[in-house]
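Down below is the structure, laid out as structure tokens.
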Amino acid sequence: CCLLLTLALLVPWDAASRKCDLQGLWRNELGSNMTILATNTAGAFSDSYHTVVAATNKQILVSPLQGAQQHPGAKRHPTFGFTVQWQFSDSTTAFVSQCFVDHRGKESLETTWLLREEVLSHKDTWKATRVGTAIFTRIK
Ligand code: BTN
């Protein structure tokens, strides 16, 4: 009985005090998936992004991402950023984000992104950038 009581008391405490961990498989509202490998001691991380939508008609390819987390391991709700180097388009997307973990331990990545499309002249710069937001939740 004491073991059960201890577990019942400890589990919510554990969830309430858990820090966000970026490592894993994440999905946004569009259905795009990204995988993040473990961050190193400096906070740098990498892996891949599989978008389900694109501004081009080219065949979508899984693309590498590279990013960095602020104060790795120290914050419950850390900020981080990453860029995706699309393998099927000339665009680049930069994401700025914060990881939140709720009282049940459920994590979400709240992101804002900027996509810069290649244009053939700086005169077309006015139409070269898209902006959006996305929330990623953990799949694995
Ligand atoms: C391109 O269209 O040139 C590359 C693919 C861009 C996909 C964008 S990035 C922001 C938004 N969120 C996604 O998951 N996919 C789109």
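To be explicit about the labels: the chains of the structure tokens are called A, B, and onward in the order shown, and within each one the residues are counted from 1, while ligands get numbers from 1 in the order they are shown.
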* Asked: Which residues come within 12 Å of region 58-71 of chain A, counting only C-alpha atoms, excluding same-chain residues fewer than 5 positions away, as a PyMOL selection string?
  -> chain A and resi 19-23+32-53+76-99
* Backbone DSSP call of strand (DSSP E or B) for region 4-114 of chain A, listed as JSON, numbers by chain -> {"A": [24, 25, 26, 27, 33, 34, 35, 36, 44, 45, 46, 47, 48, 49, 50, 63, 64, 65, 66, 67, 68, 69, 79, 80, 81, 82, 83, 84, 85, 92, 93, 94, 95, 96, 97, 98, 99, 100, 101, 107, 108, 109, 110, 111, 112, 113, 114]}
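Distances here use only C-alpha atoms and all ligand atoms; by that measure, the residue among A:Ala74, A:Val101, A:Leu3, A:Leu114 closest to ligand 1 is A:Leu114.
Take the candidates A:Leu109, A:Leu120, A:Ala134, A:Ala128 and check each one against ligand 1 using only C-alpha atoms and all ligand atoms; the shortest distance goes to A:Ala134.
Going from atom 1 (C, counted along the ligand's line) of ligand 1 to CA of Phe136 (chain A) covers 18.7 Å.
Nearest to Arg104 (chain A) of all the residues A:Asn57, A:Ser17, A:Thr133, A:Ser121 is A:Ser17, based on only C-alpha atoms.
Computed from the coordinates, the CA of Ala15 (chain A) to CA of Lys75 (chain A) distance equals 14.7 Å.
For the set A:Lys106, A:Arg138, A:Arg27, A:Arg18, the residue with the smallest atom-to-atom gap to ligand 1 is A:Arg27, counting only C-alpha atoms and all ligand atoms.
When only C-alpha atoms are used to measure the gap to Thr137 (chain A), the shortest distance among A:Thr56, A:Glu29, A:Ser108, A:Leu115 belongs to A:Ser108.
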* To do: Give the answer as one residue: which of A:Asn28, A:His122, A:Thr129, A:Glu107 has the shortest atom-to-atom distance to ligand 1, using only C-alpha atoms and all ligand atoms?
  => A:Asn28
